[in-house]
file run.tsv (TSV, C-alpha atoms and all ligand atoms)
chain	number	residue	atom	x	y	z
A	1	MET	CA	-140.22	-98.88	-98.92
A	2	ILE	CA	-140.70	-98.99	-102.69
A	3	GLU	CA	-137.69	-99.77	-104.92
A	4	ILE	CA	-137.69	-99.00	-108.63
A	5	ASP	CA	-135.27	-100.45	-111.14
A	6	ALA	CA	-134.22	-96.96	-112.26
A	7	ARG	CA	-131.12	-95.65	-114.01
A	8	PRO	CA	-128.28	-95.28	-113.22
A	9	PHE	CA	-129.12	-97.48	-110.19
A	10	PRO	CA	-132.20	-98.42	-108.13
A	11	TYR	CA	-134.30	-95.63	-106.57
A	12	SER	CA	-135.97	-96.29	-103.22
A	13	PHE	CA	-138.61	-94.20	-101.48
A	14	ASP	CA	-141.19	-94.29	-98.74
A	15	LEU	CA	-144.59	-93.35	-100.19
A	16	GLY	CA	-145.38	-91.28	-97.10
A	17	LYS	CA	-142.28	-89.15	-97.70
A	18	ALA	CA	-142.67	-88.76	-101.46
A	19	ALA	CA	-144.57	-86.42	-103.77
A	20	LEU	CA	-145.53	-86.69	-107.43
A	21	VAL	CA	-144.63	-83.33	-109.03
A	22	ILE	CA	-146.37	-82.53	-112.32
A	23	ILE	CA	-144.69	-79.65	-114.11
A	24	ASP	CA	-146.66	-77.16	-116.23
A	25	MET	CA	-149.17	-79.48	-117.94
A	26	GLN	CA	-151.15	-76.38	-118.88
A	27	ARG	CA	-153.38	-75.74	-121.87
A	28	ASP	CA	-151.11	-73.17	-123.51
A	29	PHE	CA	-148.26	-75.69	-123.82
A	30	ILE	CA	-150.24	-78.86	-124.60
A	31	GLU	CA	-153.44	-78.07	-126.49
A	32	PRO	CA	-153.82	-77.24	-130.18
A	33	GLY	CA	-154.70	-73.57	-130.56
A	34	GLY	CA	-152.60	-72.48	-127.57
A	35	PHE	CA	-149.48	-70.36	-127.12
A	36	GLY	CA	-147.07	-73.25	-127.78
A	37	GLU	CA	-148.62	-74.03	-131.15
A	38	SER	CA	-148.78	-70.34	-132.09
A	39	LEU	CA	-144.97	-70.30	-131.80
A	40	GLY	CA	-144.79	-73.00	-134.47
A	41	ASN	CA	-144.30	-75.95	-132.10
A	42	ASP	CA	-145.81	-79.39	-132.71
A	43	VAL	CA	-147.96	-79.77	-129.59
A	44	ALA	CA	-148.88	-83.34	-130.60
A	45	LEU	CA	-145.47	-84.34	-129.25
A	46	LEU	CA	-146.46	-83.05	-125.81
A	47	SER	CA	-150.07	-84.21	-125.79
A	48	ALA	CA	-148.88	-87.75	-126.56
A	49	ILE	CA	-147.69	-88.16	-122.95
A	50	VAL	CA	-151.07	-87.27	-121.42
A	51	PRO	CA	-152.42	-90.86	-121.19
A	52	ALA	CA	-149.25	-92.09	-119.44
A	53	CYS	CA	-149.39	-89.14	-117.03
A	54	GLN	CA	-153.06	-89.87	-116.31
A	55	THR	CA	-152.29	-93.51	-115.50
A	56	VAL	CA	-149.51	-92.57	-113.07
A	57	LEU	CA	-151.59	-89.83	-111.44
A	58	SER	CA	-154.52	-92.19	-110.97
A	59	SER	CA	-152.35	-94.91	-109.37
A	60	TRP	CA	-150.49	-92.40	-107.23
A	61	ARG	CA	-153.78	-91.00	-105.94
A	62	ALA	CA	-155.12	-94.51	-105.30
A	63	ALA	CA	-151.98	-95.27	-103.26
A	64	GLY	CA	-152.61	-92.12	-101.18
A	65	GLY	CA	-149.52	-90.21	-102.34
A	66	LEU	CA	-149.10	-86.42	-102.18
A	67	VAL	CA	-149.53	-84.61	-105.53
A	68	VAL	CA	-148.05	-81.25	-106.59
A	69	HIS	CA	-149.16	-79.43	-109.75
A	70	THR	CA	-147.22	-76.45	-111.10
A	71	ARG	CA	-148.14	-73.83	-113.68
A	72	GLU	CA	-145.76	-71.36	-115.29
A	73	ALA	CA	-147.91	-68.31	-114.56
A	74	HIS	CA	-147.24	-64.69	-113.64
A	75	GLN	CA	-149.26	-62.18	-111.66
A	76	PRO	CA	-151.58	-60.07	-113.88
A	77	ASP	CA	-149.48	-56.93	-113.26
A	78	LEU	CA	-146.34	-58.87	-114.33
A	79	SER	CA	-144.55	-57.65	-111.19
A	80	ASP	CA	-142.96	-61.12	-110.96
A	81	CYS	CA	-141.78	-61.18	-114.58
A	82	PRO	CA	-138.37	-59.52	-114.94
A	83	PRO	CA	-137.47	-57.87	-118.28
A	84	ALA	CA	-134.76	-60.52	-118.71
A	85	LYS	CA	-137.57	-63.05	-119.08
A	86	ARG	CA	-140.23	-60.95	-120.83
A	87	ASN	CA	-137.92	-59.46	-123.45
A	88	ARG	CA	-136.67	-62.82	-124.62
A	89	GLY	CA	-138.50	-65.55	-126.47
A	90	ASN	CA	-140.88	-64.46	-129.19
A	91	PRO	CA	-140.79	-60.66	-129.63
A	92	SER	CA	-144.22	-60.53	-131.30
A	93	LEU	CA	-145.99	-62.56	-128.58
A	94	ARG	CA	-144.55	-61.83	-125.15
A	95	ILE	CA	-145.62	-62.89	-121.66
A	96	GLY	CA	-148.68	-60.85	-120.69
A	97	ASP	CA	-149.77	-60.15	-124.27
A	98	ALA	CA	-153.15	-61.31	-125.53
A	99	GLY	CA	-152.68	-64.82	-126.89
A	100	PRO	CA	-155.01	-67.41	-128.38
A	101	MET	CA	-156.15	-68.56	-124.90
A	102	GLY	CA	-156.04	-65.30	-122.97
A	103	ARG	CA	-153.03	-63.38	-121.69
A	104	ILE	CA	-149.91	-65.47	-122.16
A	105	LEU	CA	-148.55	-67.16	-119.03
A	106	VAL	CA	-150.73	-65.05	-116.72
A	107	ALA	CA	-152.34	-66.72	-113.71
A	108	GLY	CA	-156.06	-67.40	-114.03
A	109	GLU	CA	-156.17	-67.07	-117.83
A	110	PRO	CA	-157.68	-70.04	-119.73
A	111	GLY	CA	-154.35	-70.98	-121.30
A	112	SER	CA	-152.60	-71.15	-117.93
A	113	ARG	CA	-154.99	-73.76	-116.54
A	114	ILE	CA	-153.91	-77.37	-116.14
A	115	ILE	CA	-155.40	-79.56	-118.88
A	116	PRO	CA	-158.68	-81.19	-117.76
A	117	GLU	CA	-157.24	-84.73	-117.99
A	118	LEU	CA	-154.82	-83.92	-115.14
A	119	ALA	CA	-156.93	-81.36	-113.26
A	120	PRO	CA	-155.91	-80.86	-109.62
A	121	ARG	CA	-158.19	-82.19	-106.91
A	122	PRO	CA	-158.92	-80.57	-103.53
A	123	GLY	CA	-156.08	-81.25	-101.10
A	124	GLU	CA	-153.40	-81.36	-103.79
A	125	ILE	CA	-150.72	-78.65	-103.87
A	126	GLU	CA	-150.99	-76.09	-106.70
A	127	ILE	CA	-148.07	-73.76	-107.41
A	128	ASP	CA	-148.05	-70.79	-109.79
A	129	LYS	CA	-144.36	-70.34	-110.52
A	130	PRO	CA	-142.87	-67.24	-112.14
A	131	GLY	CA	-139.64	-68.97	-113.09
A	132	LYS	CA	-138.59	-72.12	-114.83
A	133	GLY	CA	-137.88	-73.92	-111.58
A	134	ALA	CA	-140.73	-74.93	-109.26
A	135	PHE	CA	-138.84	-73.70	-106.17
A	136	HIS	CA	-137.83	-70.21	-107.32
A	137	ALA	CA	-140.06	-67.58	-105.64
A	138	THR	CA	-142.67	-70.14	-104.57
A	139	PRO	CA	-143.68	-71.73	-101.22
A	140	LEU	CA	-143.00	-75.24	-102.54
A	141	HIS	CA	-139.94	-76.07	-100.39
A	142	ASN	CA	-141.71	-74.98	-97.18
A	143	LEU	CA	-144.83	-76.97	-98.05
A	144	LEU	CA	-142.79	-80.10	-98.78
A	145	GLN	CA	-140.77	-79.69	-95.59
A	146	GLN	CA	-143.96	-79.35	-93.55
A	147	ALA	CA	-145.23	-82.57	-95.14
A	148	GLY	CA	-141.95	-84.39	-94.37
A	149	VAL	CA	-141.22	-85.03	-98.06
A	150	THR	CA	-137.74	-86.23	-99.03
A	151	HIS	CA	-138.33	-87.81	-102.48
A	152	LEU	CA	-139.87	-86.25	-105.61
A	153	ILE	CA	-141.11	-88.06	-108.71
A	154	PHE	CA	-141.35	-85.75	-111.72
A	155	MET	CA	-143.56	-85.69	-114.82
A	156	GLY	CA	-144.45	-82.81	-117.16
A	157	VAL	CA	-143.10	-80.37	-119.72
A	158	THR	CA	-140.78	-79.36	-121.10
A	159	THR	CA	-138.04	-81.81	-120.20
A	160	GLU	CA	-135.02	-79.61	-120.76
A	161	VAL	CA	-136.53	-76.36	-119.49
A	162	CYS	CA	-138.93	-76.37	-116.53
A	163	VAL	CA	-138.63	-80.07	-115.62
A	164	GLN	CA	-134.85	-80.20	-115.59
A	165	THR	CA	-134.57	-76.82	-113.83
A	166	SER	CA	-136.98	-77.99	-111.13
A	167	MET	CA	-135.04	-81.22	-110.66
A	168	ARG	CA	-131.77	-79.32	-110.27
A	169	GLU	CA	-133.41	-77.01	-107.72
A	170	ALA	CA	-134.77	-80.08	-105.90
A	171	ASN	CA	-131.31	-81.66	-105.80
A	172	ASP	CA	-129.80	-78.45	-104.38
A	173	ARG	CA	-132.44	-78.51	-101.63
A	174	GLY	CA	-131.70	-82.08	-100.64
A	175	TYR	CA	-134.48	-84.04	-102.37
A	176	ASP	CA	-133.88	-87.31	-104.22
A	177	ALA	CA	-135.61	-86.86	-107.56
A	178	LEU	CA	-136.75	-89.33	-110.21
A	179	LEU	CA	-137.97	-88.44	-113.72
A	180	LEU	CA	-140.51	-90.66	-115.51
A	181	GLU	CA	-139.15	-90.73	-119.05
A	182	ASP	CA	-142.40	-91.47	-120.88
A	183	CYS	CA	-144.27	-88.84	-118.84
A	184	THR	CA	-142.14	-85.90	-119.93
A	185	GLU	CA	-141.64	-84.31	-123.34
A	186	SER	CA	-140.04	-81.50	-125.24
A	187	TYR	CA	-140.87	-79.71	-128.49
A	188	PHE	CA	-137.34	-80.82	-129.46
A	189	PRO	CA	-136.84	-84.61	-129.14
A	190	ALA	CA	-133.04	-84.31	-129.13
A	191	PHE	CA	-133.22	-81.93	-126.16
A	192	LYS	CA	-135.37	-84.42	-124.23
A	193	ALA	CA	-132.86	-87.20	-124.86
A	194	SER	CA	-129.94	-84.99	-123.81
A	195	ALA	CA	-131.69	-83.78	-120.67
A	196	ILE	CA	-132.39	-87.35	-119.58
A	197	GLU	CA	-128.74	-88.24	-120.09
A	198	MET	CA	-127.61	-85.17	-118.16
A	199	ILE	CA	-129.91	-85.89	-115.23
A	200	ARG	CA	-128.67	-89.41	-114.63
A	201	ALA	CA	-125.02	-88.93	-115.65
A	202	GLN	CA	-122.14	-89.05	-113.17
A	203	GLY	CA	-123.95	-91.29	-110.70
A	204	ALA	CA	-127.35	-89.51	-110.82
A	205	ILE	CA	-125.79	-86.06	-110.47
A	206	VAL	CA	-129.27	-84.49	-110.71
A	207	GLY	CA	-131.47	-87.54	-110.21
A	208	TRP	CA	-132.72	-90.87	-111.50
A	209	THR	CA	-134.84	-91.82	-114.53
A	210	ALA	CA	-137.24	-94.72	-115.07
A	211	SER	CA	-140.29	-95.63	-117.14
A	212	SER	CA	-143.79	-95.19	-115.76
A	213	SER	CA	-144.35	-98.95	-115.97
A	214	GLN	CA	-141.40	-99.50	-113.63
A	215	LEU	CA	-143.05	-97.22	-111.08
A	216	LEU	CA	-146.55	-98.59	-111.62
A	217	SER	CA	-145.56	-102.22	-111.13
A	218	ARG	CA	-144.20	-101.38	-107.67
A	219	LEU	CA	-146.89	-98.86	-106.76
A	220	ASP	CA	-149.76	-101.18	-107.56
A	221	ALA	CA	-148.21	-103.79	-105.26
A	222	ALA	CA	-147.70	-101.32	-102.38
A	223	PRO	CA	-150.31	-101.08	-99.59
A	224	ALA	CA	-152.41	-97.90	-99.93
A	225	ARG	CA	-151.37	-95.12	-97.60
A	226	LEU	CA	-154.08	-93.66	-95.39
A	227	PRO	CA	-154.39	-89.85	-95.50
A	228	GLY	CA	-152.96	-87.82	-92.61
A	301	LIG	C1	-141.69	-74.96	-119.59
A	301	LIG	C2	-141.06	-73.41	-121.32
A	301	LIG	N1	-142.71	-75.26	-118.79
A	301	LIG	N2	-140.48	-74.35	-122.06
A	301	LIG	N3	-141.72	-73.72	-120.18
A	301	LIG	O1	-140.79	-75.74	-119.80
A	301	LIG	O2	-140.99	-72.26	-121.66
call {"tool": "encode", "arguments": {"input": "run.tsv", "output": "structure tokens", "more": "lines below"}}
Ligand code: C5J
result
Amino acid sequence: MIEIDARPFPYSFDLGKAALVIIDMQRDFIEPGGFGESLGNDVALLSAIVPACQTVLSSWRAAGGLVVHTREAHQPDLSDCPPAKRNRGNPSLRIGDAGPMGRILVAGEPGSRIIPELAPRPGEIEIDKPGKGAFHATPLHNLLQQAGVTHLIFMGVTTEVCVQTSMREANDRGYDALLLEDCTESYFPAFKASAIEMIRAQGAIVGWTASSSQLLSRLDAAPARLPG
């Protein structure tokens, strides 16, 4: 059992029943010249977390933990993108339109790929999700149940949109979820701060938060888990 000095109180998990969930670290949100930047966002805020995410991913893999990567990506025919989603946001650059890195938020397009620094490896779970939450209209819950997972450790972007939504969905499905504060970011720093407060308020109503160093110090001391 690994115990982390998290907030609002310690978070304990068994590595064999936990997964590291990396939300939407895709080129269109993180890289200069992508969709996020074309909307006027400062993507440097988001790319600043990449080294911390890499360190956690590398240690998690070395410890033998399960990894889940998500992408916010729709089918090419947009059959999984309801008008309520497509018609909002930026009216001049909508989901499915040609963007700077291919069709925006469409599966398989260059902009929808995970950034190379965090590229998925064979055996890791990859989820294309049509919603903000990682569980909505995806096989994620079934896959985690089959693997006996009870605890989820979250990283990724953006804190108040897809990360927080996924953590709320996880809580509703019975998972204990922890967010690594320095491994998540928003285009709006005040929204990140508020989301973190909301997650851990009222006795971890959504989940726990901690720094990556708090996880790493425990993970590096834990015996590596053998696959299978
Ligand atoms: C994510 C978004 N991934 N902000 N999407 O948070 O639209």
call {"tool": "residues_near_ligand", "arguments": {"input": "run.tsv", "ligand": "ligand LIG 301 (chain A)", "cutoff": "12 Å", "atoms": "only C-alpha atoms and all ligand atoms", "output": "PyMOL selection string"}}
result
chain A and resi 22-30+35-36+39+41+43+46+69-73+85-86+88-90+94-95+104-105+112+114+128-134+155-166+184-188+191-192
call {"tool": "write_last_selection", "arguments": {"input": "run.tsv", "atoms": "C-alpha atoms", "output": "PDB file, in the coordinates of the input"}}
result
ATOM      1  CA  ILE A  22    -146.370 -82.530-112.320  1.00  0.00           C
ATOM      2  CA  ILE A  23    -144.690 -79.650-114.110  1.00  0.00           C
ATOM      3  CA  ASP A  24    -146.660 -77.160-116.230  1.00  0.00           C
ATOM      4  CA  MET A  25    -149.170 -79.480-117.940  1.00  0.00           C
ATOM      5  CA  GLN A  26    -151.150 -76.380-118.880  1.00  0.00           C
ATOM      6  CA  ARG A  27    -153.380 -75.740-121.870  1.00  0.00           C
ATOM      7  CA  ASP A  28    -151.110 -73.170-123.510  1.00  0.00           C
ATOM      8  CA  PHE A  29    -148.260 -75.690-123.820  1.00  0.00           C
ATOM      9  CA  ILE A  30    -150.240 -78.860-124.600  1.00  0.00           C
ATOM     10  CA  PHE A  35    -149.480 -70.360-127.120  1.00  0.00           C
ATOM     11  CA  GLY A  36    -147.070 -73.250-127.780  1.00  0.00           C
ATOM     12  CA  LEU A  39    -144.970 -70.300-131.800  1.00  0.00           C
ATOM     13  CA  ASN A  41    -144.300 -75.950-132.100  1.00  0.00           C
ATOM     14  CA  VAL A  43    -147.960 -79.770-129.590  1.00  0.00           C
ATOM     15  CA  LEU A  46    -146.460 -83.050-125.810  1.00  0.00           C
ATOM     16  CA  HIS A  69    -149.160 -79.430-109.750  1.00  0.00           C
ATOM     17  CA  THR A  70    -147.220 -76.450-111.100  1.00  0.00           C
ATOM     18  CA  ARG A  71    -148.140 -73.830-113.680  1.00  0.00           C
ATOM     19  CA  GLU A  72    -145.760 -71.360-115.290  1.00  0.00           C
ATOM     20  CA  ALA A  73    -147.910 -68.310-114.560  1.00  0.00           C
ATOM     21  CA  LYS A  85    -137.570 -63.050-119.080  1.00  0.00           C
ATOM     22  CA  ARG A  86    -140.230 -60.950-120.830  1.00  0.00           C
ATOM     23  CA  ARG A  88    -136.670 -62.820-124.620  1.00  0.00           C
ATOM     24  CA  GLY A  89    -138.500 -65.550-126.470  1.00  0.00           C
ATOM     25  CA  ASN A  90    -140.880 -64.460-129.190  1.00  0.00           C
ATOM     26  CA  ARG A  94    -144.550 -61.830-125.150  1.00  0.00           C
ATOM     27  CA  ILE A  95    -145.620 -62.890-121.660  1.00  0.00           C
ATOM     28  CA  ILE A 104    -149.910 -65.470-122.160  1.00  0.00           C
ATOM     29  CA  LEU A 105    -148.550 -67.160-119.030  1.00  0.00           C
ATOM     30  CA  SER A 112    -152.600 -71.150-117.930  1.00  0.00           C
ATOM     31  CA  ILE A 114    -153.910 -77.370-116.140  1.00  0.00           C
ATOM     32  CA  ASP A 128    -148.050 -70.790-109.790  1.00  0.00           C
ATOM     33  CA  LYS A 129    -144.360 -70.340-110.520  1.00  0.00           C
ATOM     34  CA  PRO A 130    -142.870 -67.240-112.140  1.00  0.00           C
ATOM     35  CA  GLY A 131    -139.640 -68.970-113.090  1.00  0.00           C
ATOM     36  CA  LYS A 132    -138.590 -72.120-114.830  1.00  0.00           C
ATOM     37  CA  GLY A 133    -137.880 -73.920-111.580  1.00  0.00           C
ATOM     38  CA  ALA A 134    -140.730 -74.930-109.260  1.00  0.00           C
ATOM     39  CA  MET A 155    -143.560 -85.690-114.820  1.00  0.00           C
ATOM     40  CA  GLY A 156    -144.450 -82.810-117.160  1.00  0.00           C
ATOM     41  CA  VAL A 157    -143.100 -80.370-119.720  1.00  0.00           C
ATOM     42  CA  THR A 158    -140.780 -79.360-121.100  1.00  0.00           C
ATOM     43  CA  THR A 159    -138.040 -81.810-120.200  1.00  0.00           C
ATOM     44  CA  GLU A 160    -135.020 -79.610-120.760  1.00  0.00           C
ATOM     45  CA  VAL A 161    -136.530 -76.360-119.490  1.00  0.00           C
ATOM     46  CA  CYS A 162    -138.930 -76.370-116.530  1.00  0.00           C
ATOM     47  CA  VAL A 163    -138.630 -80.070-115.620  1.00  0.00           C
ATOM     48  CA  GLN A 164    -134.850 -80.200-115.590  1.00  0.00           C
ATOM     49  CA  THR A 165    -134.570 -76.820-113.830  1.00  0.00           C
ATOM     50  CA  SER A 166    -136.980 -77.990-111.130  1.00  0.00           C
ATOM     51  CA  THR A 184    -142.140 -85.900-119.930  1.00  0.00           C
ATOM     52  CA  GLU A 185    -141.640 -84.310-123.340  1.00  0.00           C
ATOM     53  CA  SER A 186    -140.040 -81.500-125.240  1.00  0.00           C
ATOM     54  CA  TYR A 187    -140.870 -79.710-128.490  1.00  0.00           C
ATOM     55  CA  PHE A 188    -137.340 -80.820-129.460  1.00  0.00           C
ATOM     56  CA  PHE A 191    -133.220 -81.930-126.160  1.00  0.00           C
ATOM     57  CA  LYS A 192    -135.370 -84.420-124.230  1.00  0.00           C
TER      58      LYS A 192
END
call {"tool": "closest_residue", "arguments": {"input": "run.tsv", "among": "A:Ile199, A:Met167, A:Ile205, A:Pro189", "to": "Asp42 (chain A)", "atoms": "all atoms listed in the file"}}
result
A:Pro189
call {"tool": "closest_residue", "arguments": {"input": "run.tsv", "among": "A:Ile49, A:Ala119, A:Ala19, A:Leu78", "to": "His151 (chain A)", "atoms": "all atoms listed in the file"}}
result
A:Ala19
call {"tool": "residues_around", "arguments": {"input": "run.tsv", "residues": "Leu118 (chain A)", "least_positions_apart": "5", "cutoff": "8 Å", "atoms": "only C-alpha atoms", "output": "JSON, numbers by chain"}}
result
{"A": [25, 53, 54, 57]}
call {"tool": "atom_distance", "arguments": {"input": "run.tsv", "atom1": "CA of Glu126 (chain A)", "atom2": "CA of Ala107 (chain A)"}}
result
11.8 Å
call {"tool": "closest_residue", "arguments": {"input": "run.tsv", "among": "A:Ser211, A:Gly108, A:Pro120, A:Glu169", "to": "His136 (chain A)", "atoms": "all atoms listed in the file"}}
result
A:Glu169
call {"tool": "closest_residue", "arguments": {"input": "run.tsv", "among": "A:Gln202, A:Leu152, A:Gly96, A:Met1", "to": "Cys81 (chain A)", "atoms": "only C-alpha atoms"}}
result
A:Gly96
call {"tool": "atom_distance", "arguments": {"input": "run.tsv", "atom1": "CA of Gly123 (chain A)", "atom2": "CA of Val67 (chain A)"}}
result
8.6 Å
call {"tool": "closest_residue", "arguments": {"input": "run.tsv", "among": "A:Asp97, A:Val68, A:Tyr175, A:Asp5", "to": "Gln145 (chain A)", "atoms": "only C-alpha atoms"}}
result
A:Tyr175
call {"tool": "atom_distance", "arguments": {"input": "run.tsv", "atom1": "CA of Glu124 (chain A)", "atom2": "CA of Ser58 (chain A)"}}
result
13.0 Å
call {"tool": "residues_around", "arguments": {"input": "run.tsv", "residues": "Pro223 (chain A)", "least_positions_apart": "3", "cutoff": "10 Å", "atoms": "all atoms listed in the file", "output": "compact mmCIF listing (two decimals) with C-alpha atoms, in the coordinates of the input"}}
result
# COMPACT_ATOMS: atom_id res chain seq x y z
CA LEU A 15 -144.59 -93.35 -100.19
CA ALA A 62 -155.12 -94.51 -105.30
CA ALA A 63 -151.98 -95.27 -103.26
CA GLY A 64 -152.61 -92.12 -101.18
CA LEU A 219 -146.89 -98.86 -106.76
CA ASP A 220 -149.76 -101.18 -107.56
CA LEU A 226 -154.08 -93.66 -95.39
call {"tool": "closest_residue", "arguments": {"input": "run.tsv", "among": "A:Pro83, A:Ala98, A:Phe9, A:Arg61", "to": "Ser38 (chain A)", "atoms": "only C-alpha atoms"}}
result
A:Ala98
call {"tool": "decode", "arguments": {"input": "run.tsv", "residues": "region 188-205 of chain A", "atoms": "C-alpha atoms", "output": "PDB file, in the first residue's frame"}}
result
ATOM      1  CA  PHE A 188      -6.908  30.399 -17.191  1.00  0.00           C
ATOM      2  CA  PRO A 189      -4.798  30.154 -14.005  1.00  0.00           C
ATOM      3  CA  ALA A 190      -7.667  31.298 -11.774  1.00  0.00           C
ATOM      4  CA  PHE A 191      -9.841  28.465 -13.106  1.00  0.00           C
ATOM      5  CA  LYS A 192      -7.118  25.923 -12.281  1.00  0.00           C
ATOM      6  CA  ALA A 193      -6.863  27.212  -8.722  1.00  0.00           C
ATOM      7  CA  SER A 194     -10.642  27.138  -8.282  1.00  0.00           C
ATOM      8  CA  ALA A 195     -10.976  23.641  -9.731  1.00  0.00           C
ATOM      9  CA  ILE A 196      -8.348  22.308  -7.333  1.00  0.00           C
ATOM     10  CA  GLU A 197     -10.194  23.875  -4.408  1.00  0.00           C
ATOM     11  CA  MET A 198     -13.503  22.438  -5.594  1.00  0.00           C
ATOM     12  CA  ILE A 199     -12.102  18.938  -6.002  1.00  0.00           C
ATOM     13  CA  ARG A 200     -10.749  18.656  -2.484  1.00  0.00           C
ATOM     14  CA  ALA A 201     -13.399  20.739  -0.669  1.00  0.00           C
ATOM     15  CA  GLN A 202     -15.923  19.232   1.737  1.00  0.00           C
ATOM     16  CA  GLY A 203     -13.736  16.283   2.682  1.00  0.00           C
ATOM     17  CA  ALA A 204     -12.517  15.423  -0.852  1.00  0.00           C
ATOM     18  CA  ILE A 205     -16.007  15.631  -2.339  1.00  0.00           C
TER      19      ILE A 205
END
